[in-house]
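Contents: one structure, followed by commentary.
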Amino acid sequence: MRSQLDGAGGLRHLATLDGLGRDMLVAILDRAESYRRFPGQPAYEGRELAGVTVSNLFFEPSTRTRASFDLAARRLGAHVLNLDMQSSSRVKGETMLDTLYTLEAMNTDIFVIRDSEPGMPDFLIDHVAPHVSVISAGEAHLSHPTQGLLDVLTIRAHKRRFAGLKVAIVGDIRHSRVARSTARALGTLGTSDLRLVAPAALLPEEAEFAGAQRFTRIEDGIAGADVVMMLRIQKERMASSAALDEAAYFREYGLNGERLRLASPSVLVMHPGPMNRGVEIASDVADGPRSVIREQVNNGVAVRMAILAAIAATLTRRRKPL
Amino acid sequence: MRSQLDGAGGLRHLATLDGLGRDMLVAILDRAESYRRFPGQPAYEGRELAGVTVSNLFFEPSTRTRASFDLAARRLGAHVLNLDMQSSSRVKGETMLDTLYTLEAMNTDIFVIRDSEPGMPDFLIDHVAPHVSVISAGEAHLSHPTQGLLDVLTIRAHKRRFAGLKVAIVGDIRHSRVARSTARALGTLGTSDLRLVAPAALLPEEAEFAGAQRFTRIEDGIAGADVVMMLRIQKERMASSAALDEAAYFREYGLNGERLRLASPSVLVMHPGPMNRGVEIASDVADGPRSVIREQVNNGVAVRMAILAAIAATLTRRRKPL
Amino acid sequence: MRSQLDGAGGLRHLATLDGLGRDMLVAILDRAESYRRFPGQPAYEGRELAGVTVSNLFFEPSTRTRASFDLAARRLGAHVLNLDMQSSSRVKGETMLDTLYTLEAMNTDIFVIRDSEPGMPDFLIDHVAPHVSVISAGEAHLSHPTQGLLDVLTIRAHKRRFAGLKVAIVGDIRHSRVARSTARALGTLGTSDLRLVAPAALLPEEAEFAGAQRFTRIEDGIAGADVVMMLRIQKERMASSAALDEAAYFREYGLNGERLRLASPSVLVMHPGPMNRGVEIASDVADGPRSVIREQVNNGVAVRMAILAAIAATLTRRRKPL
């Protein structure tokens, strides 16, 4: 894969948080904070993407992430094409590359791509024109960089530091792109105490998540944690990999009020959504005073605005004169 | 359900016309008239909803009503999210409440909701944040308030008064949210002579539509009427409830030219659409000189603009300062 | 069908290129050139369609053409309704005419219509109100006027003349609306040397494409050609009509590098997309130095902007005063 930065160090693509340094991440978070408006405030409206066309290519169904990117782009003044790739010309046999060339020829400036298979973001990055950018909105189990960024933005807003934080991630980490991207962002920003909690079959390979501690009992994993991040259970995977039904999963790994008392009194409860209430998390915890789950969604729009604006600024520098 | 008005008497939500007084209705109709542009005139374009995000949640398929709300919001400067709730994260098991919280966290200001089951608008109103509003775009057989408003706007434009009008509603009144909302709006504005016409099985329960006369012969019901409002026949209901086929229904209840001569010479023929031509209404009547059916559609956009603008003004007063 | 021009000679509808004279075509191409921005340049953004509502009615699935019209309209400031006619009220039994009346009543100014059956654009033109326009985005095998225009715009950009050009169209011409519209545009602009190349079963009726030469061997048809325009093979038609499988088709009619050397050294290779690489065209030719296929897509947006702007100017003259 080509570099995600251009020659001047500006953000050109975002497929992964690997290789992005601490300063870049902090700059993105700072910019996102400037765009963030809490519910009840008027949303930020700007012209940073005026004249920019964003094409959303979602090969997986997604309400939340697509709406988040869509609003982020439109609130900055972009034109957005939402292409439903199920009913598109892919069914006519058009290759992905021809779709890319076609949308580029229509002056698409930024592609936002989600796919359940690995490789599509890199493939696009390798093939887009010099004035076009690619943002991953989720790639297989590998990467979900804007989710990683919104997670650390949410943590920063409450904790103001990353060094010394104890962060527990609980659930199907093996198949989770969220866990991978968030762990990467935390590592880059200085968090070294990461705890992975899952049934053995859902823990990642040993080579991954270097330096993290692994737990199969949730009580052990979240003890004293400053952040507990619950992952969505994919029911089809749970059945095959871990031979647990929903009730059993909740009994053994669900975050309920009693378990939460094992964590730090100032713990943040996080979840990337959508939640299975009563499976990985109890409703009273999801809606309780330690939960920042809705803030994560709010920060998601702000982070995507920041990424889009940073990339648009890079593209503007690269654009040919009229 | 909470009140639809805020403390200062401004319109906050619209789930039903029940409880909205005459002055409020007149104010909405006046505002709608100011937004109305006839076909052939440039549509009204304003900034009343600048910076406002409207999320359309349609659990029933709808071309007309969704397009009407969509255009109304965009012509006033809003960002609109059209969420197809069939293919959304509801299928992933996300609860409605989490969808609500998620879209609120993305700074949705106004939800427009249509559902074939009763209860969803009230449920949303009970759970939205203090700075968020809900508009029903159709709730089961119970309520379709913007349709009721566009109907009375259409009548007012031609009749200039409501007291003393004879209004006949013909068709499957028992299952019709349109009939309920329009009857409510007419009652509030002073129409007391309402006539309900249907096969016995499609007339409403006795307790409903207080004061209305009931007829099973259309000739009796529309005699001397100033307004004849035909309802769309739902073919599946007709079959089971009334044991009439389409041809028989048209023979017994269809509005044709001959029957129309029983009404007032200045009668208005109305239909909420989409029409079954040749079932509940003859084509020459639908397109004839007494028909105001297309005006109803035109007024629908204007009424939705008025409701959106009134609610946005209420929200602006409630918003937290930056 | 009514005339496509209004009394003052302005473009009112576009269902076919038949009957549009050379001056009109040149004016459209000139205007399109003014809107064209190459990939890497910021797209043209204007207000020519401010206050205009465009309703896209696509009865055939289409990613490319719909996206092209959608972006063209929005970049000129229009509101666009994208109506998926599969899941629309057509399924509720609403007739096309009622859909038309409904969208007109919502102040739709321009309909863009695609249908696999013949007749829909003319039907709409015959029924729209005096202040409403219709543009065909593809009608059965008969007409695809904006494709014809983008093809000649692409040719003009490279060749600067039409008289004396040798143009070969290769593929399923019998069923191709692209071939019909492009041939018409070329004829109007002065190209008389048109060559049609196909298996006998896929050549058009003798009465069509008057003056064109017909070839069943591609080598004969493209010899010395200035332009070679490959058509997309519809696999289902190939099977039934011509009894050729994909490999056999490529062997006999596919455009590969060896065959391309029979054409003029300055030949333009064109394709309306989406391509079947390895069926009607070799990948190295599609992406090679003589290919202008991506320019066609780029010109497609520009041509649609020009048509929309020309029609909007006509409508403005026809609009009723407020």
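By convention here, the chains of the structure tokens are called A, B, ... in the order presented, each chain's residues are numbered starting at 1, and ligands are numbered starting at 1 in the order presented.
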
Report task. Would you return as JSON, numbers by chain the members of stretch 97-258 of chain A that DSSP assigns to strand (DSSP E or B) on this structure's backbone? Result -> {"A": [110, 111, 112, 113, 114, 115, 133, 134, 135, 136, 137, 138, 139, 143, 166, 167, 168, 169, 170, 193, 194, 195, 196, 197, 213, 214, 215, 227, 228, 229, 230, 255]}

Restricting the output to N, CA and C atoms, write the selected residues as an mmCIF file, in the first residue's frame.
```
data_model
loop_
_atom_site.group_PDB
_atom_site.id
_atom_site.type_symbol
_atom_site.label_atom_id
_atom_site.label_comp_id
_atom_site.auth_asym_id
_atom_site.auth_seq_id
_atom_site.Cartn_x
_atom_site.Cartn_y
_atom_site.Cartn_z
ATOM 1 N N ILE A 110 -13.400 12.058 -2.946
ATOM 2 C CA ILE A 110 -13.130 11.192 -1.795
ATOM 3 C C ILE A 110 -14.061 9.992 -1.858
ATOM 4 N N PHE A 111 -13.468 8.816 -1.755
ATOM 5 C CA PHE A 111 -14.249 7.583 -1.614
ATOM 6 C C PHE A 111 -14.282 7.168 -0.157
ATOM 7 N N VAL A 112 -15.461 6.806 0.338
ATOM 8 C CA VAL A 112 -15.603 6.192 1.650
ATOM 9 C C VAL A 112 -16.059 4.764 1.398
ATOM 10 N N ILE A 113 -15.316 3.807 1.894
ATOM 11 C CA ILE A 113 -15.543 2.417 1.497
ATOM 12 C C ILE A 113 -15.675 1.510 2.715
ATOM 13 N N ARG A 114 -16.705 0.674 2.708
ATOM 14 C CA ARG A 114 -16.848 -0.362 3.730
ATOM 15 C C ARG A 114 -17.054 -1.698 3.029
ATOM 16 N N ASP A 115 -16.345 -2.695 3.490
ATOM 17 C CA ASP A 115 -16.468 -4.018 2.878
ATOM 18 C C ASP A 115 -16.195 -5.075 3.933
ATOM 19 N N SER A 133 -8.870 10.691 -2.881
ATOM 20 C CA SER A 133 -8.550 10.081 -1.592
ATOM 21 C C SER A 133 -9.526 8.975 -1.237
ATOM 22 N N VAL A 134 -9.083 8.135 -0.303
ATOM 23 C CA VAL A 134 -9.863 6.972 0.134
ATOM 24 C C VAL A 134 -9.907 6.963 1.656
ATOM 25 N N ILE A 135 -11.107 6.739 2.201
ATOM 26 C CA ILE A 135 -11.278 6.578 3.646
ATOM 27 C C ILE A 135 -11.973 5.248 3.891
ATOM 28 N N SER A 136 -11.404 4.433 4.765
ATOM 29 C CA SER A 136 -12.070 3.191 5.138
ATOM 30 C C SER A 136 -13.131 3.472 6.186
ATOM 31 N N ALA A 137 -14.307 2.898 5.962
ATOM 32 C CA ALA A 137 -15.389 2.966 6.955
ATOM 33 C C ALA A 137 -15.596 1.589 7.578
ATOM 34 N N GLY A 138 -14.542 0.770 7.520
ATOM 35 C CA GLY A 138 -14.651 -0.568 8.081
ATOM 36 C C GLY A 138 -14.185 -1.602 7.084
ATOM 37 N N GLU A 139 -13.139 -2.344 7.439
ATOM 38 C CA GLU A 139 -12.557 -3.314 6.510
ATOM 39 C C GLU A 139 -12.464 -4.657 7.223
ATOM 40 N N SER A 143 -9.750 -3.371 10.348
ATOM 41 C CA SER A 143 -9.507 -1.954 10.568
ATOM 42 C C SER A 143 -10.813 -1.163 10.486
ATOM 43 N N LYS A 166 -5.843 2.211 32.411
ATOM 44 C CA LYS A 166 -6.114 0.774 32.266
ATOM 45 C C LYS A 166 -7.365 0.630 31.404
ATOM 46 N N VAL A 167 -7.211 0.024 30.245
ATOM 47 C CA VAL A 167 -8.335 -0.115 29.314
ATOM 48 C C VAL A 167 -8.624 -1.586 29.067
ATOM 49 N N ALA A 168 -9.850 -2.004 29.335
ATOM 50 C CA ALA A 168 -10.268 -3.386 29.069
ATOM 51 C C ALA A 168 -11.210 -3.420 27.876
ATOM 52 N N ILE A 169 -10.930 -4.326 26.941
ATOM 53 C CA ILE A 169 -11.833 -4.565 25.807
ATOM 54 C C ILE A 169 -12.416 -5.957 25.994
ATOM 55 N N VAL A 170 -13.716 -6.068 25.936
ATOM 56 C CA VAL A 170 -14.399 -7.311 26.295
ATOM 57 C C VAL A 170 -15.291 -7.763 25.155
ATOM 58 N N ASP A 193 -1.437 -0.183 29.170
ATOM 59 C CA ASP A 193 -2.098 -1.205 29.986
ATOM 60 C C ASP A 193 -3.432 -1.609 29.352
ATOM 61 N N LEU A 194 -3.338 -2.484 28.368
ATOM 62 C CA LEU A 194 -4.529 -2.931 27.644
ATOM 63 C C LEU A 194 -4.869 -4.357 28.047
ATOM 64 N N ARG A 195 -6.134 -4.597 28.328
ATOM 65 C CA ARG A 195 -6.587 -5.920 28.778
ATOM 66 C C ARG A 195 -7.647 -6.449 27.813
ATOM 67 N N LEU A 196 -7.412 -7.649 27.337
ATOM 68 C CA LEU A 196 -8.347 -8.276 26.398
ATOM 69 C C LEU A 196 -9.106 -9.362 27.136
ATOM 70 N N VAL A 197 -10.417 -9.305 27.072
ATOM 71 C CA VAL A 197 -11.247 -10.237 27.830
ATOM 72 C C VAL A 197 -12.206 -10.929 26.879
ATOM 73 N N GLN A 213 -2.555 -7.792 28.022
ATOM 74 C CA GLN A 213 -2.849 -8.945 28.873
ATOM 75 C C GLN A 213 -4.143 -9.607 28.412
ATOM 76 N N ARG A 214 -4.226 -10.893 28.580
ATOM 77 C CA ARG A 214 -5.408 -11.622 28.133
ATOM 78 C C ARG A 214 -6.115 -12.275 29.328
ATOM 79 N N PHE A 215 -7.421 -12.231 29.301
ATOM 80 C CA PHE A 215 -8.232 -12.783 30.385
ATOM 81 C C PHE A 215 -9.400 -13.552 29.799
ATOM 82 N N VAL A 227 -11.349 2.295 31.739
ATOM 83 C CA VAL A 227 -12.246 2.233 30.583
ATOM 84 C C VAL A 227 -12.614 0.778 30.360
ATOM 85 N N VAL A 228 -13.896 0.504 30.201
ATOM 86 C CA VAL A 228 -14.340 -0.833 29.802
ATOM 87 C C VAL A 228 -15.103 -0.688 28.491
ATOM 88 N N MET A 229 -14.550 -1.332 27.496
ATOM 89 C CA MET A 229 -15.111 -1.213 26.162
ATOM 90 C C MET A 229 -15.733 -2.545 25.775
ATOM 91 N N MET A 230 -17.048 -2.566 25.666
ATOM 92 C CA MET A 230 -17.747 -3.802 25.328
ATOM 93 C C MET A 230 -17.905 -3.890 23.815
ATOM 94 N N LEU A 255 -21.677 -7.239 30.840
ATOM 95 C CA LEU A 255 -21.329 -6.185 31.798
ATOM 96 C C LEU A 255 -22.602 -5.756 32.530
#
```

Contacts of chain A with chain B up to 7 Å, shortest pair per row, only C-alpha atoms, as CSV:
```
residue,atom,partner,partner_atom,distance
A:Pro39,CA,B:Asn107,CA,5.2
A:Gly40,CA,B:His131,CA,5.2
A:Gln41,CA,B:Lys320,CA,5.7
A:Pro42,CA,B:Gly51,CA,6.3
A:Ala43,CA,B:Gly51,CA,6.2
A:Glu45,CA,B:Gly51,CA,6.5
A:Ser62,CA,B:Ser88,CA,6.6
A:Thr63,CA,B:Ser88,CA,5.3
A:Ser68,CA,B:Met106,CA,7.0
A:Pro274,CA,B:Glu94,CA,5.7
A:Met275,CA,B:Glu94,CA,6.4
A:Asn276,CA,B:Glu94,CA,6.9
A:Arg294,CA,B:Ala105,CA,5.9
A:Glu295,CA,B:Ala105,CA,6.9
A:Val297,CA,B:Ala105,CA,5.7
A:Asn298,CA,B:Ala105,CA,4.7
A:Val301,CA,B:Met106,CA,6.5
```

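For the pair atom CA of B:Val152 and atom CA of B:Ile173, the interatomic distance is 17.5 Å.
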
Report task. Select from stretch 148-214 of chain B everything DSSP, run on the backbone, classes as alpha helix (DSSP H), then give the selection as a PyMOL selection string. Result -> chain B and resi 148-159+177-189

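Interatomic distance, atom CA of C:Leu25 to atom CA of C:Ala312: 16.8 Å.
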
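For the pair atom CA of C:Leu203 and atom CA of C:Arg174, the separation is 5.1 Å.
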
Shell around stretch 277-292 of chain C at 7 Å using only C-alpha atoms, local window under 3 positions removed, as a short mmCIF file (atom, residue, chain, number, x, y, z; two decimals) with C-alpha atoms, in the first residue's frame:
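Okay, this is what ended up in out03.cif:
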```
data_model
loop_
_atom_site.label_atom_id
_atom_site.label_comp_id
_atom_site.auth_asym_id
_atom_site.auth_seq_id
_atom_site.Cartn_x
_atom_site.Cartn_y
_atom_site.Cartn_z
CA MET C 230 -17.62 -0.79 -28.76
CA ARG C 232 -21.75 -3.63 -24.19
CA ILE C 233 -22.81 -7.19 -24.88
CA GLU C 246 -18.34 -15.05 -24.35
CA ALA C 247 -15.06 -16.59 -25.41
CA TYR C 249 -17.57 -13.47 -29.06
CA PHE C 250 -14.25 -12.11 -27.89
CA TYR C 253 -15.62 -9.46 -32.30
CA GLY C 254 -13.56 -8.43 -29.31
CA LEU C 255 -11.39 -5.34 -29.74
CA ASN C 256 -7.83 -6.31 -28.98
CA GLY C 257 -4.53 -4.61 -29.69
CA VAL C 267 -8.16 6.26 -33.54
CA LEU C 268 -10.37 6.94 -30.51
CA VAL C 269 -11.60 3.86 -28.63
CA MET C 270 -14.97 4.44 -27.00
CA GLU C 295 -13.44 11.03 -20.81
CA GLN C 296 -16.85 9.89 -21.98
#
```

Requested in this report: For each of B:Ala72, B:Ile222, B:Ala248, B:Leu29, take the minimum atom-to-atom distance to B:Gly148, counting only C-alpha atoms, then give the residue where this is smallest.
Outcome: B:Leu29

**Report entry** Residue neighbourhood A:Ile311, 8 Å, only C-alpha atoms, exclusion window fewer than 4 positions, as number ranges by chain
**Finding:** A: 10-13, 133, 307, 315

Keeping only N, CA and C atoms, write those residues as a PDB file, in the first residue's frame.
```pdb
ATOM      1  N   GLY A  10       0.717  15.810   4.793  1.00  0.00           N
ATOM      2  CA  GLY A  10      -0.732  15.954   4.987  1.00  0.00           C
ATOM      3  C   GLY A  10      -1.436  14.621   4.840  1.00  0.00           C
ATOM      4  N   LEU A  11      -2.583  14.485   5.494  1.00  0.00           N
ATOM      5  CA  LEU A  11      -3.343  13.242   5.411  1.00  0.00           C
ATOM      6  C   LEU A  11      -3.963  13.118   4.029  1.00  0.00           C
ATOM      7  N   ARG A  12      -3.655  12.036   3.357  1.00  0.00           N
ATOM      8  CA  ARG A  12      -4.155  11.829   1.999  1.00  0.00           C
ATOM      9  C   ARG A  12      -5.216  10.744   1.952  1.00  0.00           C
ATOM     10  N   HIS A  13      -4.976   9.638   2.661  1.00  0.00           N
ATOM     11  CA  HIS A  13      -5.923   8.534   2.753  1.00  0.00           C
ATOM     12  C   HIS A  13      -6.021   8.107   4.213  1.00  0.00           C
ATOM     13  N   SER A 133      -8.870  10.691  -2.881  1.00  0.00           N
ATOM     14  CA  SER A 133      -8.550  10.081  -1.592  1.00  0.00           C
ATOM     15  C   SER A 133      -9.526   8.975  -1.237  1.00  0.00           C
ATOM     16  N   ILE A 307     -11.562  14.221   9.632  1.00  0.00           N
ATOM     17  CA  ILE A 307     -10.826  13.455   8.621  1.00  0.00           C
ATOM     18  C   ILE A 307     -11.129  13.992   7.221  1.00  0.00           C
ATOM     19  N   LEU A 315      -6.009  17.582  -0.566  1.00  0.00           N
ATOM     20  CA  LEU A 315      -6.370  17.521  -1.986  1.00  0.00           C
ATOM     21  C   LEU A 315      -6.295  18.889  -2.638  1.00  0.00           C
TER      22      LEU A 315
END
```

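Proximity to B:Ala15 was assessed for B:Leu142, B:Glu117, B:Glu60, B:Arg47 counting only C-alpha atoms; the smallest distance is recorded for B:Leu142.
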